[in-house]
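Okay, entry-v4.csv now, which holds CSV, C-alpha atoms:
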chain,number,residue,atom,x,y,z
X,1,MET,CA,0.0,0.0,0.0
X,2,THR,CA,1.4,3.3,-1.1
X,3,ALA,CA,0.4,6.7,0.5
X,4,GLN,CA,1.8,10.2,0.4
X,5,ARG,CA,3.4,12.2,3.2
X,6,ILE,CA,5.6,15.2,3.8
X,7,GLN,CA,9.1,14.0,4.6
X,8,TYR,CA,12.7,15.0,4.5
X,9,HIS,CA,16.0,13.2,3.8
X,10,ARG,CA,18.3,15.3,6.0
X,11,TYR,CA,17.9,17.8,8.8
X,12,GLY,CA,17.6,21.4,7.7
X,13,GLY,CA,15.3,24.3,7.0
X,14,PRO,CA,11.9,24.1,5.3
X,15,GLU,CA,13.6,23.7,1.9
X,16,VAL,CA,14.4,20.0,2.7
X,17,LEU,CA,10.6,19.1,2.8
X,18,ARG,CA,9.2,17.0,0.0
X,19,LEU,CA,5.7,15.5,-0.6
X,20,GLU,CA,6.5,11.9,-1.6
X,21,ASP,CA,5.1,8.5,-1.8
X,22,PHE,CA,5.9,6.1,1.0
X,23,GLU,CA,5.0,2.7,2.3
X,24,PRO,CA,3.1,2.9,5.6
X,25,ALA,CA,4.5,0.5,8.2
X,26,ARG,CA,2.3,-2.2,9.6
X,27,PRO,CA,1.2,-1.4,13.1
X,28,GLY,CA,3.4,-3.3,15.7
X,29,SER,CA,2.4,-4.5,19.1
X,30,GLY,CA,0.4,-1.8,20.8
X,31,GLU,CA,0.2,0.4,17.7
X,32,VAL,CA,-2.6,1.5,15.4
X,33,LEU,CA,-2.5,2.6,11.7
X,34,VAL,CA,-4.7,5.6,11.1
X,35,ARG,CA,-6.0,7.0,7.9
X,36,VAL,CA,-5.4,10.7,8.5
X,37,LYS,CA,-8.2,13.2,7.9
X,38,ALA,CA,-6.5,16.3,9.4
X,39,ALA,CA,-3.2,17.1,11.0
X,40,ALA,CA,-2.1,20.2,12.9
X,41,ALA,CA,1.2,22.0,13.0
X,42,ASN,CA,3.2,22.9,16.1
X,43,PRO,CA,6.5,24.7,16.6
X,44,MET,CA,8.0,21.4,17.7
X,45,ASP,CA,7.6,20.1,14.1
X,46,TRP,CA,10.2,22.5,12.6
X,47,LYS,CA,12.5,22.2,15.7
X,48,ILE,CA,12.7,18.5,15.1
X,49,ARG,CA,13.1,18.9,11.4
X,50,GLY,CA,15.9,21.4,12.0
X,51,GLY,CA,17.8,18.8,14.1
X,52,GLU,CA,17.4,20.4,17.5
X,53,MET,CA,16.2,17.0,18.9
X,54,LYS,CA,18.4,14.6,17.0
X,55,VAL,CA,19.5,13.0,20.2
X,56,LEU,CA,15.9,11.6,20.4
X,57,THR,CA,15.1,11.3,16.7
X,58,GLY,CA,18.3,9.8,15.4
X,59,ARG,CA,19.7,9.9,11.9
X,60,LYS,CA,17.6,7.5,10.0
X,61,PHE,CA,16.0,9.0,6.9
X,62,PRO,CA,13.6,9.7,5.3
X,63,ARG,CA,11.7,11.1,8.3
X,64,GLY,CA,8.0,12.1,8.2
X,65,LEU,CA,6.9,15.4,9.6
X,66,GLY,CA,4.1,16.2,12.0
X,67,HIS,CA,2.6,14.8,15.2
X,68,ASP,CA,-1.0,15.9,15.9
X,69,PHE,CA,-3.7,14.2,13.8
X,70,ALA,CA,-7.3,13.0,13.6
X,71,GLY,CA,-8.5,10.2,11.5
X,72,VAL,CA,-10.0,6.7,11.2
X,73,VAL,CA,-8.3,3.5,12.5
X,74,ALA,CA,-7.3,1.4,9.5
X,75,ALA,CA,-5.5,-1.4,11.2
X,76,VAL,CA,-4.5,-2.5,14.8
X,77,GLY,CA,-1.4,-4.3,16.1
X,78,ASP,CA,-1.3,-7.1,18.6
X,79,GLY,CA,-2.4,-6.2,22.1
X,80,VAL,CA,-4.5,-3.2,21.1
X,81,SER,CA,-7.6,-3.3,23.2
X,82,ARG,CA,-9.2,0.2,23.4
X,83,LEU,CA,-9.5,0.8,19.7
X,84,GLU,CA,-10.9,-1.0,16.7
X,85,VAL,CA,-10.8,-0.7,12.9
X,86,GLY,CA,-13.2,2.0,11.9
X,87,ASP,CA,-13.0,4.1,15.1
X,88,GLU,CA,-12.7,7.8,14.6
X,89,VAL,CA,-9.8,9.0,16.7
X,90,LEU,CA,-7.4,11.8,17.5
X,91,GLY,CA,-3.9,11.6,18.8
X,92,GLY,CA,-0.2,12.1,18.3
X,93,ALA,CA,2.6,10.3,16.6
X,94,SER,CA,5.7,9.8,18.7
X,95,ILE,CA,8.6,12.3,18.6
X,96,LYS,CA,10.9,9.6,17.1
X,97,ALA,CA,8.5,8.3,14.4
X,98,ALA,CA,6.5,11.5,13.6
X,99,GLY,CA,4.8,11.5,10.2
X,100,ALA,CA,1.3,12.9,10.8
X,101,PHE,CA,1.4,15.2,7.7
X,102,ALA,CA,0.4,12.2,5.6
X,103,GLU,CA,-2.4,10.1,4.3
X,104,MET,CA,-1.5,7.3,6.8
X,105,VAL,CA,0.3,7.4,10.1
X,106,VAL,CA,1.3,4.8,12.8
X,107,ALA,CA,0.9,5.7,16.5
X,108,ASP,CA,1.0,4.1,19.9
X,109,GLU,CA,-2.5,3.1,21.1
X,110,LYS,CA,-1.7,5.0,24.4
X,111,ALA,CA,-1.3,8.2,22.4
X,112,VAL,CA,-4.7,7.9,20.6
X,113,VAL,CA,-8.3,8.3,21.9
X,114,LYS,CA,-11.7,8.2,20.3
X,115,LYS,CA,-12.8,11.5,18.8
X,116,PRO,CA,-16.0,13.0,20.2
X,117,ALA,CA,-18.7,13.0,17.5
X,118,ASN,CA,-19.4,16.7,17.8
X,119,LEU,CA,-15.8,17.7,17.0
X,120,SER,CA,-14.8,18.2,13.4
X,121,TRP,CA,-11.6,16.5,12.1
X,122,GLU,CA,-9.9,19.9,12.1
X,123,GLU,CA,-10.9,20.7,15.7
X,124,ALA,CA,-9.8,17.3,16.9
X,125,ALA,CA,-6.4,17.5,15.1
X,126,ALA,CA,-5.7,20.8,16.8
X,127,LEU,CA,-5.9,19.4,20.3
X,128,PRO,CA,-3.3,16.8,21.2
X,129,ILE,CA,0.1,18.5,22.0
X,130,VAL,CA,-1.2,21.8,23.2
X,131,GLY,CA,-4.2,20.4,25.0
X,132,LEU,CA,-2.2,17.6,26.7
X,133,THR,CA,0.6,20.0,27.8
X,134,ALA,CA,-1.8,22.5,29.2
X,135,PHE,CA,-3.9,19.8,31.0
X,136,GLN,CA,-0.9,18.3,32.6
X,137,ALA,CA,0.3,21.7,33.7
X,138,MET,CA,-2.9,22.9,35.2
X,139,VAL,CA,-4.3,19.6,36.6
X,140,GLY,CA,-1.1,17.7,37.2
X,141,LYS,CA,2.0,19.8,38.1
X,142,SER,CA,0.2,22.8,39.5
X,143,GLU,CA,-2.5,20.9,41.4
X,144,LEU,CA,-4.7,23.9,40.7
X,145,ARG,CA,-7.8,24.5,42.8
X,146,ALA,CA,-10.8,26.7,42.6
X,147,GLY,CA,-10.2,30.2,43.9
X,148,GLN,CA,-6.5,30.2,43.0
X,149,ALA,CA,-4.9,32.7,40.6
X,150,VAL,CA,-2.8,31.8,37.6
X,151,PHE,CA,-0.5,34.0,35.4
X,152,VAL,CA,0.0,32.7,31.9
X,153,HIS,CA,2.9,34.2,30.0
X,154,GLY,CA,1.9,33.9,26.4
X,155,CYS,CA,-1.8,33.5,27.1
X,156,LEU,CA,-2.9,33.4,23.4
X,157,GLY,CA,-0.5,30.8,22.1
X,158,GLY,CA,-1.8,27.2,21.7
X,159,VAL,CA,-0.7,26.0,25.1
X,160,GLY,CA,-1.3,29.3,26.8
X,161,ARG,CA,-4.9,29.6,25.5
X,162,SER,CA,-5.6,26.0,26.5
X,163,ALA,CA,-4.2,26.5,30.0
X,164,ALA,CA,-6.2,29.7,30.5
X,165,GLN,CA,-9.5,27.9,29.6
X,166,LEU,CA,-8.7,24.8,31.6
X,167,ALA,CA,-7.7,26.9,34.6
X,168,MET,CA,-10.9,29.0,34.5
X,169,ALA,CA,-12.9,25.8,34.1
X,170,ARG,CA,-11.4,24.6,37.5
X,171,GLY,CA,-12.5,27.9,39.1
X,172,ALA,CA,-9.2,29.7,39.0
X,173,SER,CA,-8.8,33.3,37.9
X,174,VAL,CA,-6.3,33.9,35.0
X,175,ALA,CA,-4.1,36.9,34.2
X,176,GLY,CA,-1.7,36.8,31.3
X,177,SER,CA,0.6,38.5,28.8
X,178,CYS,CA,0.2,38.9,25.1
X,179,ARG,CA,1.0,41.3,22.2
X,180,ALA,CA,-0.5,44.7,22.6
X,181,THR,CA,-2.5,44.2,19.4
X,182,ALA,CA,-4.2,41.1,20.9
X,183,THR,CA,-5.4,42.6,24.2
X,184,GLN,CA,-9.1,42.4,23.2
X,185,GLU,CA,-8.7,38.8,22.1
X,186,ALA,CA,-7.3,37.9,25.5
X,187,ARG,CA,-10.0,39.9,27.3
X,188,ASP,CA,-12.7,38.0,25.3
X,189,LEU,CA,-11.1,34.8,26.5
X,190,GLY,CA,-11.6,35.9,30.1
X,191,VAL,CA,-8.1,36.8,31.0
X,192,SER,CA,-7.7,39.7,33.4
X,193,PRO,CA,-5.5,41.6,34.1
X,194,ILE,CA,-3.7,41.6,30.7
X,195,VAL,CA,-0.1,42.9,30.2
X,196,GLU,CA,2.3,43.1,27.4
X,197,PHE,CA,5.3,40.8,27.2
X,198,ASP,CA,7.7,43.4,28.6
X,199,PHE,CA,5.6,44.2,31.6
X,200,ASP,CA,6.9,45.3,35.0
X,201,ALA,CA,6.4,42.3,37.4
X,202,ALA,CA,6.5,44.7,40.4
X,203,ASN,CA,3.0,45.8,39.4
X,204,LEU,CA,1.6,42.3,39.9
X,205,ALA,CA,3.9,41.2,42.7
X,206,GLY,CA,2.9,38.3,45.0
X,207,ARG,CA,-0.5,37.7,43.4
X,208,PHE,CA,-0.3,34.2,41.8
X,209,ASP,CA,-0.4,30.6,43.0
X,210,VAL,CA,0.9,29.4,39.6
X,211,VAL,CA,3.1,31.2,37.0
X,212,PHE,CA,3.0,29.4,33.7
X,213,ASP,CA,5.7,30.5,31.2
X,214,THR,CA,4.5,29.0,27.9
X,215,ALA,CA,6.7,31.3,25.8
X,216,GLY,CA,10.0,30.5,27.7
X,217,THR,CA,10.9,34.1,27.8
X,218,LEU,CA,9.8,35.2,31.3
X,219,PRO,CA,12.9,36.2,33.4
X,220,GLY,CA,13.3,34.2,36.5
X,221,LYS,CA,13.3,37.2,38.8
X,222,ALA,CA,10.0,38.3,37.2
X,223,ALA,CA,8.4,34.9,37.7
X,224,LEU,CA,9.5,34.8,41.4
X,225,ALA,CA,8.1,38.3,41.9
X,226,LEU,CA,4.7,37.3,40.6
X,227,LEU,CA,4.5,34.3,42.9
X,228,LYS,CA,2.7,33.9,46.2
X,229,PRO,CA,4.6,32.1,49.0
X,230,GLY,CA,4.3,28.4,48.3
X,231,GLY,CA,3.4,28.9,44.7
X,232,ARG,CA,4.8,27.2,41.6
X,233,ILE,CA,6.5,28.3,38.4
X,234,LEU,CA,6.0,26.1,35.4
X,235,ASP,CA,8.0,26.2,32.1
X,236,ILE,CA,7.6,24.0,29.0
X,237,ASN,CA,10.7,25.2,27.0
X,238,PRO,CA,13.5,22.7,27.8
X,239,THR,CA,17.2,23.6,27.9
X,240,PRO,CA,20.0,21.8,29.8
X,241,ALA,CA,20.1,24.7,32.3
X,242,LYS,CA,16.4,24.5,32.9
X,243,PHE,CA,16.5,20.8,33.6
X,244,VAL,CA,19.2,21.5,36.2
X,245,ARG,CA,17.1,24.3,37.7
X,246,SER,CA,14.0,22.1,37.8
X,247,ALA,CA,15.9,19.4,39.8
X,248,LEU,CA,16.9,21.9,42.5
X,249,PRO,CA,14.7,22.7,45.5
X,250,GLY,CA,12.4,25.6,44.9
X,251,PRO,CA,9.2,26.6,43.1
X,252,TYR,CA,10.5,26.1,39.5
X,253,ARG,CA,9.5,23.0,37.5
X,254,LEU,CA,10.1,22.2,33.9
X,255,LEU,CA,7.2,20.3,32.4
X,256,VAL,CA,7.7,17.8,29.5
X,257,ALA,CA,4.3,16.5,28.6
X,258,LYS,CA,3.9,12.7,28.8
X,259,VAL,CA,1.7,10.5,26.7
X,260,ALA,CA,-1.4,9.5,28.8
X,261,ALA,CA,-4.6,8.3,27.2
X,262,ALA,CA,-6.7,9.3,30.2
X,263,ASP,CA,-5.3,12.9,30.0
X,264,LEU,CA,-5.8,13.1,26.3
X,265,ASP,CA,-9.4,11.8,26.6
X,266,ALA,CA,-10.0,14.5,29.3
X,267,VAL,CA,-8.8,17.1,26.8
X,268,ALA,CA,-11.0,15.7,24.1
X,269,GLN,CA,-14.0,15.7,26.4
X,270,ALA,CA,-13.3,19.3,27.5
X,271,ALA,CA,-13.3,20.4,23.8
X,272,ALA,CA,-16.5,18.4,23.1
X,273,GLY,CA,-18.2,20.2,26.1
X,274,GLY,CA,-17.2,23.6,24.9
X,275,VAL,CA,-14.7,24.2,27.8
X,276,LEU,CA,-11.7,24.2,25.5
X,277,ARG,CA,-11.8,25.9,22.1
X,278,LEU,CA,-8.8,26.4,19.9
X,279,PRO,CA,-9.1,28.7,16.9
X,280,ILE,CA,-8.0,27.5,13.4
X,281,ALA,CA,-6.3,30.2,11.4
X,282,ARG,CA,-5.9,28.3,8.2
X,283,THR,CA,-6.7,25.0,6.6
X,284,VAL,CA,-4.8,23.7,3.5
X,285,PRO,CA,-4.8,20.4,1.6
X,286,LEU,CA,-1.7,18.1,1.9
X,287,ALA,CA,-0.7,19.1,-1.6
X,288,LYS,CA,-0.2,22.7,-0.6
X,289,ALA,CA,1.0,22.1,2.9
X,290,ILE,CA,4.7,22.6,2.4
X,291,ALA,CA,4.2,26.2,1.3
X,292,ALA,CA,1.9,26.9,4.2
X,293,LEU,CA,4.3,25.3,6.7
X,294,THR,CA,7.2,27.4,5.4
X,295,GLU,CA,5.1,30.6,5.7
X,296,LEU,CA,4.1,29.7,9.2
X,297,GLU,CA,7.7,29.0,10.3
X,298,VAL,CA,9.4,31.9,8.5
X,299,ASP,CA,6.8,34.7,8.7
X,300,ARG,CA,4.8,33.4,11.7
X,301,THR,CA,1.7,33.8,9.6
X,302,PRO,CA,-1.2,33.3,9.9
X,303,LYS,CA,-1.4,34.4,13.5
X,304,GLY,CA,-4.3,33.7,15.9
X,305,GLY,CA,-4.8,30.0,15.5
X,306,LYS,CA,-3.7,26.7,14.2
X,307,LEU,CA,-2.5,25.7,10.7
X,308,VAL,CA,-4.4,22.5,9.9
X,309,ILE,CA,-3.6,20.2,7.0
X,310,THR,CA,-6.3,18.0,5.4
X,311,THR,CA,-6.1,15.0,3.2
X,312,ASP,CA,-9.6,15.0,1.5
C-alpha cells encoding of this file:
Amino acid sequence: MTAQRIQYHRYGGPEVLRLEDFEPARPGSGEVLVRVKAAAANPMDWKIRGGEMKVLTGRKFPRGLGHDFAGVVAAVGDGVSRLEVGDEVLGGASIKAAGAFAEMVVADEKAVVKKPANLSWEEAAALPIVGLTAFQAMVGKSELRAGQAVFVHGCLGGVGRSAAQLAMARGASVAGSCRATATQEARDLGVSPIVEFDFDAANLAGRFDVVFDTAGTLPGKAALALLKPGGRILDINPTPAKFVRSALPGPYRLLVAKVAAADLDAVAQAAAGGVLRLPIARTVPLAKAIAALTELEVDRTPKGGKLVITTD
C-alpha cells in the first residue's frame, strides 16, 4: 500500500521538505495505523526537522513530519484493546516516528483516543500536543484548585490559550501576557488583568499561585516576583540549564508532557463540552501544505490560531 506524506532526507530548513510516496508501516504491538483526515502544525515540528532534537530522533531518513492528527483507524497491532478498525480518533505520533502530515500514520495506542462525535476533524487535530501539555500543567503539576490565581505568560499561544481555559474551568482566575494588538482577544477569553510581554512584574507582585511560562521568555526574577509564597513556576521550553534548575529545591519546575490516554481523553471531552476551544487560522490540503508550513515558520503567519492540513 502506497500513500503520500511530507518528509525529509536530511535535517535542515523548510527547503528540505518533500511531498513523496511512502509505504506505511504495519502497526506493531500496541500500535494503530490511522488514515489521516486532518493534522495540525506545532513549533515542535520544525524544531525536530531542524535537528534540534536529533538525540531523540536519530539519523535514519527519510523522516516524516508532524505529530498531531485526527482520522480513522485502518489497522491495529497485537495487544490493542481500546481501539478497533473504523474508530474515529485523535492523537499524536511519537517524537521519534512522527509522520502525521500524511495520508496514513502509525501511532501508539496509548497516544490515541476516540474522537468525540461533535468535534470536526480539524478541531480534533488541533488538540493533542497543546491540550495535553496545558492539561498536565494545570491539573497535574500545579494541582490547581478553585479560587487560586494563575498567570500565563503567552496566554494566546496554543498551550497558553488551552491553559487559560482549563484553569478557568477549574474555578481559578487567570491573568496573562500577550501582544498589545491582541489585548481584546485575551479579554474575550476571560483573561484579566492583561499585560504586554515586557511588563513590570512589580505591578503584579505576589498575586499568583501558579506562574506558567508558555513562551519560555519570562525572566526568573519576574516569575518569582509574581508568585505567592508556596506557589509554583512552570516552564515548557526545555534547555539543559532549565533541567538542572528544575531538579533543585524551589518553586521552578520544567514540564515535559507525557503521553497518557486518560489525560488526552479528558482534553477531548473538554473540547467536546465547549470548555476548551482552539481557533483554526488556516486549513490547507496536503498538496499545498509545504508552502503553508514554510510561511508559518518563516513569517509566523497566519497568527491567531492553528494551521491544519487536510487529506480530503
### Nearest residue to Val34 (chain X) from the set X:Gly92, X:Arg187, X:Ala271, X:Ala74 (distances using all atoms listed in the file)
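The shortest atom-to-atom distance to Val34 (chain X) comes from X:Ala74.
Counting only C-alpha atoms, the residue from X:Ala223, X:Val210, X:Ala25, X:Ala102 that sits nearest to Pro285 (chain X) is X:Ala102.
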### Task
Name the residues in contact with Ala180 (chain X) at a cut-off of 6 Å, using all atoms listed in the file, excluding same-chain residues fewer than 2 positions from it; report them as a PyMOL selection string.
chain X and resi 182-183+196
### Message
Could you check the closest approach to Ala93 (chain X) for each of X:Asn118, X:Val259, X:Leu293, X:Met138 and tell me which residue wins, using all atoms listed in the file?
### Response
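The answer is X:Val259, which sits nearest to Ala93 (chain X).
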### Query
What's the 10 Å shell around region 263-269 of chain X, counting only C-alpha atoms, without same-chain residues fewer than 4 positions away, as a ChimeraX atom specification?
/X:90-92,110-116,119,123-124,127-136,139-140,162,166,258-259,273-276
Can you write just those residues out, C-alpha atoms, as a compact mmCIF listing (two decimals), in the frame of the given file?
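Printed below is again.txt as written:
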# COMPACT_ATOMS: atom_id res chain seq x y z
CA LEU X 90 -7.40 11.80 17.50
CA GLY X 91 -3.90 11.60 18.80
CA GLY X 92 -0.20 12.10 18.30
CA LYS X 110 -1.70 5.00 24.40
CA ALA X 111 -1.30 8.20 22.40
CA VAL X 112 -4.70 7.90 20.60
CA VAL X 113 -8.30 8.30 21.90
CA LYS X 114 -11.70 8.20 20.30
CA LYS X 115 -12.80 11.50 18.80
CA PRO X 116 -16.00 13.00 20.20
CA LEU X 119 -15.80 17.70 17.00
CA GLU X 123 -10.90 20.70 15.70
CA ALA X 124 -9.80 17.30 16.90
CA LEU X 127 -5.90 19.40 20.30
CA PRO X 128 -3.30 16.80 21.20
CA ILE X 129 0.10 18.50 22.00
CA VAL X 130 -1.20 21.80 23.20
CA GLY X 131 -4.20 20.40 25.00
CA LEU X 132 -2.20 17.60 26.70
CA THR X 133 0.60 20.00 27.80
CA ALA X 134 -1.80 22.50 29.20
CA PHE X 135 -3.90 19.80 31.00
CA GLN X 136 -0.90 18.30 32.60
CA VAL X 139 -4.30 19.60 36.60
CA GLY X 140 -1.10 17.70 37.20
CA SER X 162 -5.60 26.00 26.50
CA LEU X 166 -8.70 24.80 31.60
CA LYS X 258 3.90 12.70 28.80
CA VAL X 259 1.70 10.50 26.70
CA GLY X 273 -18.20 20.20 26.10
CA GLY X 274 -17.20 23.60 24.90
CA VAL X 275 -14.70 24.20 27.80
CA LEU X 276 -11.70 24.20 25.50
### Task
For each of X:Leu204, X:Ala97, X:Ala70, X:Ala75, take the minimum atom-to-atom distance to Asp45 (chain X), counting all atoms listed in the file, then give the residue where this is smallest.
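Closest residue, counting all atoms listed in the file: X:Ala97.
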### Query
Expressed in Å to a single decimal, how great is the separation between CA of Ala172 (chain X) and CA of Gly147 (chain X)?
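Computing it gives 5.0 Å between the two atoms.
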### Nearest to Cys178 (chain X), chosen from X:Gly58, X:Arg18, X:Phe69, X:Gly304, with all atoms listed in the file counted in the distances
X:Gly304
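The closest residue to Arg59 (chain X), picked from X:Arg10, X:Trp121, X:Gly86, X:Ser94 and counting only C-alpha atoms, is X:Arg10.
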### Task
Have a look at CA of Glu297 (chain X) and CA of His153 (chain X) and let me know their distance in Å, one decimal.
20.9 Å
#### Entry: Computed interatomic separation between CA of Gly220 (chain X) and CA of Ala164 (chain X) (Å)
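Here the two named atoms are 20.9 Å from each other.
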### Message
as number ranges by chain, please: the residues near Lys37 (chain X) (cut-off 6 Å, all atoms listed in the file, same-chain neighbours under 4 positions excluded).
### Response
X: 70-71, 310-311
#### Entry: Spatial neighbours of Pro14 (chain X), 8 Å, all atoms listed in the file, chain gap at least 2 places, as a list in words
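Residues near the query, excluding close chain neighbours: Gly12, Val16, Leu17, Trp46, Ile290, Leu293 and Thr294 of chain X.
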Just-selected residues, C-alpha atoms written as a CSV table (one decimal), in the frame of the given file:
chain,number,residue,atom,x,y,z
X,12,GLY,CA,17.6,21.4,7.7
X,16,VAL,CA,14.4,20.0,2.7
X,17,LEU,CA,10.6,19.1,2.8
X,46,TRP,CA,10.2,22.5,12.6
X,290,ILE,CA,4.7,22.6,2.4
X,293,LEU,CA,4.3,25.3,6.7
X,294,THR,CA,7.2,27.4,5.4
Write out as a PDB file with C-alpha atoms, in the frame of the given file the residues lying within 6 Å of Gly206 (chain X), counting all atoms listed in the file and excluding same-chain residues fewer than 3 positions away.
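Contents of the output file part_31.pdb:
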ATOM      1  CA  LEU X 226       4.700  37.300  40.600  1.00  0.00           C
ATOM      2  CA  LEU X 227       4.500  34.300  42.900  1.00  0.00           C
ATOM      3  CA  LYS X 228       2.700  33.900  46.200  1.00  0.00           C
TER       4      LYS X 228
END
#### Entry: Point (-6.2, 29.1, 35.9) neighbourhood (10 Å, all atoms listed in the file) written as an MDAnalysis selection string
chainID X and resid 138:139 142 144:152 162:175 191 208:212
### Message
Taking (-3.9, -5.4, 19.1) in the coordinates of the supplied file, I want to know which residues reach to within 8 Å of it, counting all atoms listed in the file; could you give the answer as a VMD selection string?
### Response
chain X and resid 29 to 32 76 to 81
